[in-house]
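Next comes target38.cif, with mmCIF, C-alpha atoms.
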```
data_work
#
loop_
_atom_site.group_PDB
_atom_site.id
_atom_site.type_symbol
_atom_site.label_atom_id
_atom_site.label_comp_id
_atom_site.auth_asym_id
_atom_site.auth_seq_id
_atom_site.Cartn_x
_atom_site.Cartn_y
_atom_site.Cartn_z
ATOM 1 C CA MET O 1 0.000 0.000 0.000
ATOM 2 C CA THR O 2 1.864 3.018 -1.217
ATOM 3 C CA GLY O 3 1.366 6.219 0.731
ATOM 4 C CA TRP O 4 -0.362 4.500 3.676
ATOM 5 C CA THR O 5 0.435 5.964 7.091
ATOM 6 C CA LEU O 6 -0.451 4.917 10.605
ATOM 7 C CA PRO O 7 -3.519 6.542 12.168
ATOM 8 C CA HIS O 8 -2.663 9.503 14.378
ATOM 9 C CA PRO O 9 -3.406 7.722 17.690
ATOM 10 C CA MET O 10 -0.848 4.984 16.955
ATOM 11 C CA GLN O 11 1.688 7.542 15.752
ATOM 12 C CA ARG O 12 1.286 9.344 19.083
ATOM 13 C CA ALA O 13 1.512 6.090 21.059
ATOM 14 C CA LEU O 14 4.761 5.244 19.256
ATOM 15 C CA ALA O 15 6.148 8.721 20.033
ATOM 16 C CA LEU O 16 5.284 8.138 23.693
ATOM 17 C CA ALA O 17 7.051 4.760 23.551
ATOM 18 C CA GLU O 18 10.163 6.564 22.306
ATOM 19 C CA GLU O 19 9.882 8.970 25.258
ATOM 20 C CA SER O 20 9.568 5.968 27.554
ATOM 21 C CA ALA O 21 12.780 4.430 26.199
ATOM 22 C CA ALA O 22 14.616 7.752 26.535
ATOM 23 C CA ALA O 23 13.562 7.817 30.198
ATOM 24 C CA GLY O 24 14.943 4.302 30.749
ATOM 25 C CA GLU O 25 11.521 2.662 30.860
ATOM 26 C CA VAL O 26 10.346 -0.231 28.672
ATOM 27 C CA PRO O 27 9.161 1.533 25.494
ATOM 28 C CA VAL O 28 5.383 1.324 25.645
ATOM 29 C CA GLY O 29 3.047 4.210 24.893
ATOM 30 C CA ALA O 30 -0.736 4.413 25.114
ATOM 31 C CA VAL O 31 -3.443 6.894 24.202
ATOM 32 C CA VAL O 32 -7.175 6.942 24.876
ATOM 33 C CA VAL O 33 -9.413 8.317 22.144
ATOM 34 C CA HIS O 34 -12.954 9.585 22.718
ATOM 35 C CA ALA O 35 -15.151 11.115 20.014
ATOM 36 C CA GLY O 36 -12.217 11.096 17.588
ATOM 37 C CA ALA O 37 -9.793 13.009 19.841
ATOM 38 C CA ILE O 38 -6.991 11.908 22.127
ATOM 39 C CA ILE O 39 -8.142 12.686 25.669
ATOM 40 C CA ALA O 40 -5.382 10.947 27.632
ATOM 41 C CA GLU O 41 -1.920 9.578 27.026
ATOM 42 C CA ALA O 42 0.956 8.021 28.922
ATOM 43 C CA HIS O 43 4.086 5.957 28.613
ATOM 44 C CA ASN O 44 5.458 3.309 30.937
ATOM 45 C CA ALA O 45 6.701 4.780 34.226
ATOM 46 C CA PRO O 46 7.096 2.034 36.869
ATOM 47 C CA ARG O 47 10.698 3.007 37.646
ATOM 48 C CA ALA O 48 10.083 6.751 37.672
ATOM 49 C CA ASN O 49 6.934 6.395 39.789
ATOM 50 C CA LEU O 50 8.279 3.553 41.949
ATOM 51 C CA ASP O 51 5.009 1.834 41.087
ATOM 52 C CA PRO O 52 4.851 -1.592 39.419
ATOM 53 C CA THR O 53 1.323 -0.780 38.180
ATOM 54 C CA ALA O 54 2.436 2.327 36.270
ATOM 55 C CA HIS O 55 2.097 0.713 32.861
ATOM 56 C CA ALA O 56 1.208 3.024 29.974
ATOM 57 C CA GLU O 57 -2.286 1.566 29.676
ATOM 58 C CA ILE O 58 -3.097 1.955 33.370
ATOM 59 C CA LEU O 59 -1.873 5.549 33.481
ATOM 60 C CA ALA O 60 -3.757 6.489 30.299
ATOM 61 C CA ILE O 61 -6.970 4.828 31.544
ATOM 62 C CA ARG O 62 -6.733 6.676 34.881
ATOM 63 C CA ARG O 63 -6.266 10.011 33.097
ATOM 64 C CA ALA O 64 -9.151 9.337 30.695
ATOM 65 C CA ALA O 65 -11.471 8.483 33.589
ATOM 66 C CA GLU O 66 -10.546 11.804 35.230
ATOM 67 C CA VAL O 67 -11.128 13.733 31.986
ATOM 68 C CA LEU O 68 -14.534 12.125 31.421
ATOM 69 C CA GLY O 69 -15.494 12.070 35.088
ATOM 70 C CA SER O 70 -16.454 8.414 34.859
ATOM 71 C CA ASP O 71 -14.979 5.001 35.540
ATOM 72 C CA ARG O 72 -16.748 3.679 32.424
ATOM 73 C CA LEU O 73 -14.927 4.386 29.170
ATOM 74 C CA VAL O 74 -17.453 2.595 26.959
ATOM 75 C CA ASP O 75 -17.182 4.971 24.015
ATOM 76 C CA CYS O 76 -13.379 5.065 24.144
ATOM 77 C CA GLU O 77 -10.600 3.405 22.201
ATOM 78 C CA LEU O 78 -7.238 2.451 23.697
ATOM 79 C CA TRP O 79 -4.258 2.544 21.346
ATOM 80 C CA VAL O 80 -1.107 0.928 22.744
ATOM 81 C CA THR O 81 2.211 -0.127 21.261
ATOM 82 C CA LEU O 82 2.411 -3.562 22.927
ATOM 83 C CA GLU O 83 -0.114 -6.310 23.622
ATOM 84 C CA PRO O 84 -1.471 -5.636 27.128
ATOM 85 C CA CYS O 85 -0.430 -7.819 30.056
ATOM 86 C CA ALA O 86 -3.001 -9.502 32.317
ATOM 87 C CA MET O 87 -3.122 -6.509 34.684
ATOM 88 C CA CYS O 88 -3.753 -4.051 31.858
ATOM 89 C CA ALA O 89 -6.244 -6.351 30.120
ATOM 90 C CA GLY O 90 -8.142 -6.540 33.419
ATOM 91 C CA ALA O 91 -8.175 -2.741 33.643
ATOM 92 C CA ILE O 92 -9.481 -2.538 30.061
ATOM 93 C CA VAL O 93 -12.317 -4.901 31.025
ATOM 94 C CA HIS O 94 -13.231 -2.988 34.186
ATOM 95 C CA ALA O 95 -13.106 0.359 32.348
ATOM 96 C CA ARG O 96 -15.390 -1.103 29.662
ATOM 97 C CA ILE O 97 -13.193 0.266 26.866
ATOM 98 C CA GLY O 98 -14.965 -0.304 23.564
ATOM 99 C CA LYS O 99 -12.002 -0.899 21.243
ATOM 100 C CA LEU O 100 -8.396 -1.914 21.791
ATOM 101 C CA TYR O 101 -5.731 -1.366 19.146
ATOM 102 C CA TYR O 102 -2.216 -2.637 19.791
ATOM 103 C CA ALA O 103 0.878 -2.731 17.635
ATOM 104 C CA ALA O 104 3.218 -5.548 18.664
ATOM 105 C CA SER O 105 2.261 -8.931 20.057
ATOM 106 C CA ASP O 106 3.928 -10.034 23.292
ATOM 107 C CA PRO O 107 4.315 -13.835 23.419
ATOM 108 C CA LYS O 108 6.046 -13.648 26.836
ATOM 109 C CA GLY O 109 3.860 -11.200 28.759
ATOM 110 C CA GLY O 110 0.804 -10.506 26.655
ATOM 111 C CA ALA O 111 -2.641 -11.585 27.819
ATOM 112 C CA VAL O 112 -4.870 -10.830 24.833
ATOM 113 C CA GLU O 113 -3.733 -13.251 22.129
ATOM 114 C CA HIS O 114 -1.143 -14.972 24.330
ATOM 115 C CA GLY O 115 -0.948 -16.265 27.895
ATOM 116 C CA ALA O 116 -4.127 -15.752 29.926
ATOM 117 C CA ARG O 117 -6.201 -14.520 26.954
ATOM 118 C CA VAL O 118 -8.213 -12.461 29.411
ATOM 119 C CA PHE O 119 -10.960 -11.413 26.999
ATOM 120 C CA ASP O 120 -11.649 -15.050 26.049
ATOM 121 C CA GLN O 121 -12.341 -16.203 29.611
ATOM 122 C CA PRO O 122 -15.961 -16.996 30.539
ATOM 123 C CA GLN O 123 -15.595 -14.813 33.655
ATOM 124 C CA CYS O 124 -14.674 -11.764 31.561
ATOM 125 C CA LEU O 125 -17.219 -9.014 32.261
ATOM 126 C CA HIS O 126 -16.669 -7.100 29.016
ATOM 127 C CA HIS O 127 -15.222 -7.928 25.617
ATOM 128 C CA PRO O 128 -13.703 -5.024 23.694
ATOM 129 C CA GLU O 129 -13.223 -5.182 19.957
ATOM 130 C CA VAL O 130 -9.526 -5.979 19.405
ATOM 131 C CA TYR O 131 -7.320 -4.967 16.474
ATOM 132 C CA SER O 132 -3.625 -5.770 16.345
ATOM 133 C CA GLY O 133 -0.574 -5.329 14.157
ATOM 134 C CA MET O 134 -0.929 -1.654 13.266
ATOM 135 C CA GLY O 135 2.567 -0.190 13.779
ATOM 136 C CA GLU O 136 3.973 -3.582 14.751
ATOM 137 C CA ALA O 137 7.326 -3.147 12.968
ATOM 138 C CA LYS O 138 8.111 0.190 14.609
ATOM 139 C CA ALA O 139 6.990 -0.967 18.062
ATOM 140 C CA GLY O 140 8.993 -4.171 17.713
ATOM 141 C CA ASP O 141 12.096 -2.258 16.635
ATOM 142 C CA LEU O 142 11.810 0.044 19.673
ATOM 143 C CA LEU O 143 11.516 -2.918 22.035
ATOM 144 C CA ARG O 144 14.370 -4.888 20.453
ATOM 145 C CA GLU O 145 16.690 -1.867 20.508
ATOM 146 C CA PHE O 146 15.797 -1.083 24.128
ATOM 147 C CA PHE O 147 16.488 -4.619 25.356
ATOM 148 C CA ARG O 148 19.577 -5.051 23.143
ATOM 149 C CA GLY O 149 21.174 -2.180 25.059
ATOM 150 C CA ARG O 150 20.474 -3.904 28.372
ATOM 151 C CA ARG O 151 21.750 -7.408 27.654
#
```

This entry written out as structure tokens:
Amino acid sequence: MTGWTLPHPMQRALALAEESAAAGEVPVGAVVVHAGAIIAEAHNAPRANLDPTAHAEILAIRRAAEVLGSDRLVDCELWVTLEPCAMCAGAIVHARIGKLYYAASDPKGGAVEHGARVFDQPQCLHHPEVYSGMGEAKAGDLLREFFRGRR
């Protein structure tokens, strides 16, 4: 597809992932979109925040809930550069996010198409629409480069 570019939300999530890497955090960025506009964004910050729950998705969801004044983000989309882990997938379920877009799959820690497959469990309270692979090459390159420098 000549001339095709990533949608703006994934471009922004990838830029946030680059900021995350520059800060010494695993390069993951996330944005929440409501009514066609980005209303919240974050990158991974567990080390900076001294908080193991400070994943990009969690931080972006918290900020979106504050912006909307609601714990239900039904009409929102979450765009993230890496397949969410079980903790983040659980937060997506509880926030009732309508659509999830993620770039790179995570065979080791992911919980959407790998591992726990949270959304496929019969106990899952909500099932967002899931789209993957958009921006996968760029997200994968960021992750490989980040971890190459640490091994």

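One distance worth recording is that between atom CA of O:Ser105 and atom CA of O:Ala35, which is 26.6 Å.
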
For stretch 113-126 of chain O, take all atoms listed in the file, fit an axis-aligned box around them, add 5 Å to each of the six sides, then output centre and edge lengths in Å rounded to one decimal, as JSON.
```
{"center_x": -9.1, "center_y": -12.0, "center_z": 27.9, "size_x": 26.3, "size_y": 19.9, "size_z": 21.5}
```

Hey, which bits of stretch 7-110 of chain O sit within 12 Å of stretch 122-131 of chain O, and for each residue what's the closest pair of atoms and how far apart in Å (one decimal), counting all atoms listed in the file, rows by chain and increasing number, as CSV?
```
residue,atom,partner,partner_atom,distance
O:Met10,CA,O:Tyr131,CA,11.9
O:Arg72,CA,O:His126,CA,11.3
O:Leu73,CA,O:Pro128,CA,11.0
O:Val74,CA,O:Pro128,CA,9.1
O:Asp75,CA,O:Pro128,CA,10.6
O:Cys76,CA,O:Pro128,CA,10.1
O:Glu77,CA,O:Pro128,CA,9.1
O:Leu78,CA,O:Val130,CA,9.7
O:Trp79,CA,O:Tyr131,CA,9.5
O:Val80,CA,O:Tyr131,CA,10.6
O:Thr81,CA,O:Tyr131,CA,11.7
O:Leu82,CA,O:Tyr131,CA,11.8
O:Glu83,CA,O:Tyr131,CA,10.2
O:Pro84,CA,O:Val130,CA,11.2
O:Ala86,CA,O:Cys124,CA,11.9
O:Ala89,CA,O:Pro128,CA,9.9
O:Gly90,CA,O:Cys124,CA,8.6
O:Ala91,CA,O:His126,CA,10.6
O:Ile92,CA,O:Pro128,CA,8.0
O:Val93,CA,O:His126,CA,5.3
O:His94,CA,O:His126,CA,7.4
O:Ala95,CA,O:His126,CA,8.9
O:Arg96,CA,O:His126,CA,6.2
O:Ile97,CA,O:Pro128,CA,6.2
O:Gly98,CA,O:Pro128,CA,4.9
O:Lys99,CA,O:Glu129,CA,4.6
O:Leu100,CA,O:Val130,CA,4.8
O:Tyr101,CA,O:Tyr131,CA,4.8
O:Tyr102,CA,O:Tyr131,CA,6.5
O:Ala103,CA,O:Tyr131,CA,8.6
O:Ala104,CA,O:Tyr131,CA,10.8
O:Ser105,CA,O:Tyr131,CA,11.0
```

Applying the PyMOL selection byres ((chain O and resi 56) around 12) to the file I just gave you, which residues come out? Please list them as a JSON list (two decimals) with C-alpha atoms, in the frame of the given file.
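Saved to out.json:
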```
[["chain", "number", "residue", "atom", "x", "y", "z"],
["O", 13, "ALA", "CA", 1.51, 6.09, 21.06],
["O", 14, "LEU", "CA", 4.76, 5.24, 19.26],
["O", 16, "LEU", "CA", 5.28, 8.14, 23.69],
["O", 17, "ALA", "CA", 7.05, 4.76, 23.55],
["O", 19, "GLU", "CA", 9.88, 8.97, 25.26],
["O", 20, "SER", "CA", 9.57, 5.97, 27.55],
["O", 25, "GLU", "CA", 11.52, 2.66, 30.86],
["O", 26, "VAL", "CA", 10.35, -0.23, 28.67],
["O", 27, "PRO", "CA", 9.16, 1.53, 25.49],
["O", 28, "VAL", "CA", 5.38, 1.32, 25.64],
["O", 29, "GLY", "CA", 3.05, 4.21, 24.89],
["O", 30, "ALA", "CA", -0.74, 4.41, 25.11],
["O", 31, "VAL", "CA", -3.44, 6.89, 24.20],
["O", 32, "VAL", "CA", -7.18, 6.94, 24.88],
["O", 40, "ALA", "CA", -5.38, 10.95, 27.63],
["O", 41, "GLU", "CA", -1.92, 9.58, 27.03],
["O", 42, "ALA", "CA", 0.96, 8.02, 28.92],
["O", 43, "HIS", "CA", 4.09, 5.96, 28.61],
["O", 44, "ASN", "CA", 5.46, 3.31, 30.94],
["O", 45, "ALA", "CA", 6.70, 4.78, 34.23],
["O", 46, "PRO", "CA", 7.10, 2.03, 36.87],
["O", 49, "ASN", "CA", 6.93, 6.40, 39.79],
["O", 51, "ASP", "CA", 5.01, 1.83, 41.09],
["O", 52, "PRO", "CA", 4.85, -1.59, 39.42],
["O", 53, "THR", "CA", 1.32, -0.78, 38.18],
["O", 54, "ALA", "CA", 2.44, 2.33, 36.27],
["O", 55, "HIS", "CA", 2.10, 0.71, 32.86],
["O", 57, "GLU", "CA", -2.29, 1.57, 29.68],
["O", 58, "ILE", "CA", -3.10, 1.96, 33.37],
["O", 59, "LEU", "CA", -1.87, 5.55, 33.48],
["O", 60, "ALA", "CA", -3.76, 6.49, 30.30],
["O", 61, "ILE", "CA", -6.97, 4.83, 31.54],
["O", 62, "ARG", "CA", -6.73, 6.68, 34.88],
["O", 63, "ARG", "CA", -6.27, 10.01, 33.10],
["O", 78, "LEU", "CA", -7.24, 2.45, 23.70],
["O", 79, "TRP", "CA", -4.26, 2.54, 21.35],
["O", 80, "VAL", "CA", -1.11, 0.93, 22.74],
["O", 81, "THR", "CA", 2.21, -0.13, 21.26],
["O", 82, "LEU", "CA", 2.41, -3.56, 22.93],
["O", 83, "GLU", "CA", -0.11, -6.31, 23.62],
["O", 84, "PRO", "CA", -1.47, -5.64, 27.13],
["O", 85, "CYS", "CA", -0.43, -7.82, 30.06],
["O", 87, "MET", "CA", -3.12, -6.51, 34.68],
["O", 88, "CYS", "CA", -3.75, -4.05, 31.86],
["O", 89, "ALA", "CA", -6.24, -6.35, 30.12],
["O", 91, "ALA", "CA", -8.18, -2.74, 33.64]]
```

(message) Restricting the calculation to only C-alpha atoms: of O:Ala48, O:Gly36, O:Phe119, O:Glu113, which residue gets closest to O:Gly133?
(response)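 That would be O:Glu113, the residue with the smallest distance to O:Gly133.
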
Save all heavy atoms of stretch 66-79 of chain O from the block above as a short mmCIF file (atom, residue, chain, number, x, y, z; two decimals), in the first residue's frame.
```
data_model
loop_
_atom_site.label_atom_id
_atom_site.label_comp_id
_atom_site.auth_asym_id
_atom_site.auth_seq_id
_atom_site.Cartn_x
_atom_site.Cartn_y
_atom_site.Cartn_z
N GLU O 66 -10.50 10.47 34.62
CA GLU O 66 -10.55 11.80 35.23
C GLU O 66 -11.11 12.83 34.25
O GLU O 66 -11.97 13.63 34.63
CB GLU O 66 -9.14 12.24 35.67
CG GLU O 66 -8.63 11.49 36.88
CD GLU O 66 -7.20 11.87 37.22
OE1 GLU O 66 -6.67 12.87 36.68
OE2 GLU O 66 -6.59 11.16 38.04
N VAL O 67 -10.65 12.78 33.00
CA VAL O 67 -11.13 13.73 31.99
C VAL O 67 -12.64 13.60 31.78
O VAL O 67 -13.36 14.60 31.72
CB VAL O 67 -10.37 13.54 30.65
CG1 VAL O 67 -11.05 14.27 29.51
CG2 VAL O 67 -8.92 13.98 30.78
N LEU O 68 -13.11 12.36 31.69
CA LEU O 68 -14.53 12.12 31.42
C LEU O 68 -15.38 12.14 32.69
O LEU O 68 -16.61 12.17 32.60
CB LEU O 68 -14.71 10.80 30.69
CG LEU O 68 -14.10 10.73 29.28
CD1 LEU O 68 -14.29 9.34 28.69
CD2 LEU O 68 -14.70 11.80 28.37
N GLY O 69 -14.74 12.09 33.84
CA GLY O 69 -15.49 12.07 35.09
C GLY O 69 -16.29 10.80 35.27
O GLY O 69 -17.38 10.81 35.85
N SER O 70 -15.75 9.69 34.78
CA SER O 70 -16.45 8.41 34.86
C SER O 70 -15.46 7.27 34.88
O SER O 70 -14.40 7.35 34.26
CB SER O 70 -17.37 8.25 33.64
OG SER O 70 -17.98 6.98 33.65
N ASP O 71 -15.82 6.19 35.56
CA ASP O 71 -14.98 5.00 35.54
C ASP O 71 -15.33 4.10 34.35
O ASP O 71 -14.66 3.10 34.13
CB ASP O 71 -15.11 4.22 36.85
CG ASP O 71 -16.52 3.70 37.08
OD1 ASP O 71 -17.49 4.31 36.60
OD2 ASP O 71 -16.64 2.66 37.76
N ARG O 72 -16.33 4.45 33.60
CA ARG O 72 -16.75 3.68 32.42
C ARG O 72 -16.32 4.42 31.17
O ARG O 72 -16.77 5.53 30.91
CB ARG O 72 -18.27 3.47 32.40
CG ARG O 72 -18.82 2.77 33.63
CD ARG O 72 -18.25 1.36 33.77
NE ARG O 72 -18.60 0.78 35.05
CZ ARG O 72 -19.25 -0.35 35.20
NH1 ARG O 72 -19.63 -1.04 34.15
NH2 ARG O 72 -19.50 -0.82 36.40
N LEU O 73 -15.46 3.78 30.39
CA LEU O 73 -14.93 4.39 29.17
C LEU O 73 -15.48 3.66 27.94
O LEU O 73 -14.76 3.38 26.99
CB LEU O 73 -13.39 4.33 29.20
CG LEU O 73 -12.74 4.95 30.44
CD1 LEU O 73 -11.23 4.80 30.38
CD2 LEU O 73 -13.13 6.40 30.61
N VAL O 74 -16.77 3.40 27.97
CA VAL O 74 -17.45 2.60 26.96
C VAL O 74 -17.24 3.12 25.54
O VAL O 74 -17.02 2.34 24.62
CB VAL O 74 -18.97 2.52 27.27
CG1 VAL O 74 -19.71 1.75 26.19
CG2 VAL O 74 -19.18 1.89 28.63
N ASP O 75 -17.32 4.39 25.35
CA ASP O 75 -17.18 4.97 24.02
C ASP O 75 -15.75 5.35 23.68
O ASP O 75 -15.52 6.18 22.80
CB ASP O 75 -18.08 6.21 23.89
CG ASP O 75 -19.56 5.84 24.01
OD1 ASP O 75 -19.93 4.75 23.51
OD2 ASP O 75 -20.31 6.61 24.61
N CYS O 76 -14.79 4.73 24.36
CA CYS O 76 -13.38 5.07 24.14
C CYS O 76 -12.64 3.94 23.43
O CYS O 76 -13.05 2.79 23.45
CB CYS O 76 -12.70 5.34 25.49
SG CYS O 76 -13.27 6.84 26.28
N GLU O 77 -11.53 4.34 22.82
CA GLU O 77 -10.60 3.41 22.20
C GLU O 77 -9.27 3.54 22.93
O GLU O 77 -8.87 4.66 23.27
CB GLU O 77 -10.36 3.77 20.74
CG GLU O 77 -11.60 3.82 19.89
CD GLU O 77 -11.33 4.42 18.51
OE1 GLU O 77 -10.21 4.92 18.25
OE2 GLU O 77 -12.26 4.41 17.70
N LEU O 78 -8.59 2.43 23.14
CA LEU O 78 -7.24 2.45 23.70
C LEU O 78 -6.29 2.00 22.61
O LEU O 78 -6.48 0.94 22.01
CB LEU O 78 -7.14 1.52 24.91
CG LEU O 78 -5.74 1.41 25.53
CD1 LEU O 78 -5.29 2.73 26.13
CD2 LEU O 78 -5.73 0.31 26.59
N TRP O 79 -5.29 2.84 22.33
CA TRP O 79 -4.26 2.54 21.35
C TRP O 79 -2.96 2.37 22.12
O TRP O 79 -2.53 3.29 22.83
CB TRP O 79 -4.12 3.70 20.35
CG TRP O 79 -5.32 3.91 19.48
CD1 TRP O 79 -6.54 4.41 19.86
CD2 TRP O 79 -5.42 3.64 18.09
NE1 TRP O 79 -7.38 4.46 18.78
CE2 TRP O 79 -6.71 3.99 17.68
CE3 TRP O 79 -4.52 3.12 17.15
CZ2 TRP O 79 -7.14 3.86 16.36
CZ3 TRP O 79 -4.95 3.00 15.84
CH2 TRP O 79 -6.24 3.36 15.45
#
```
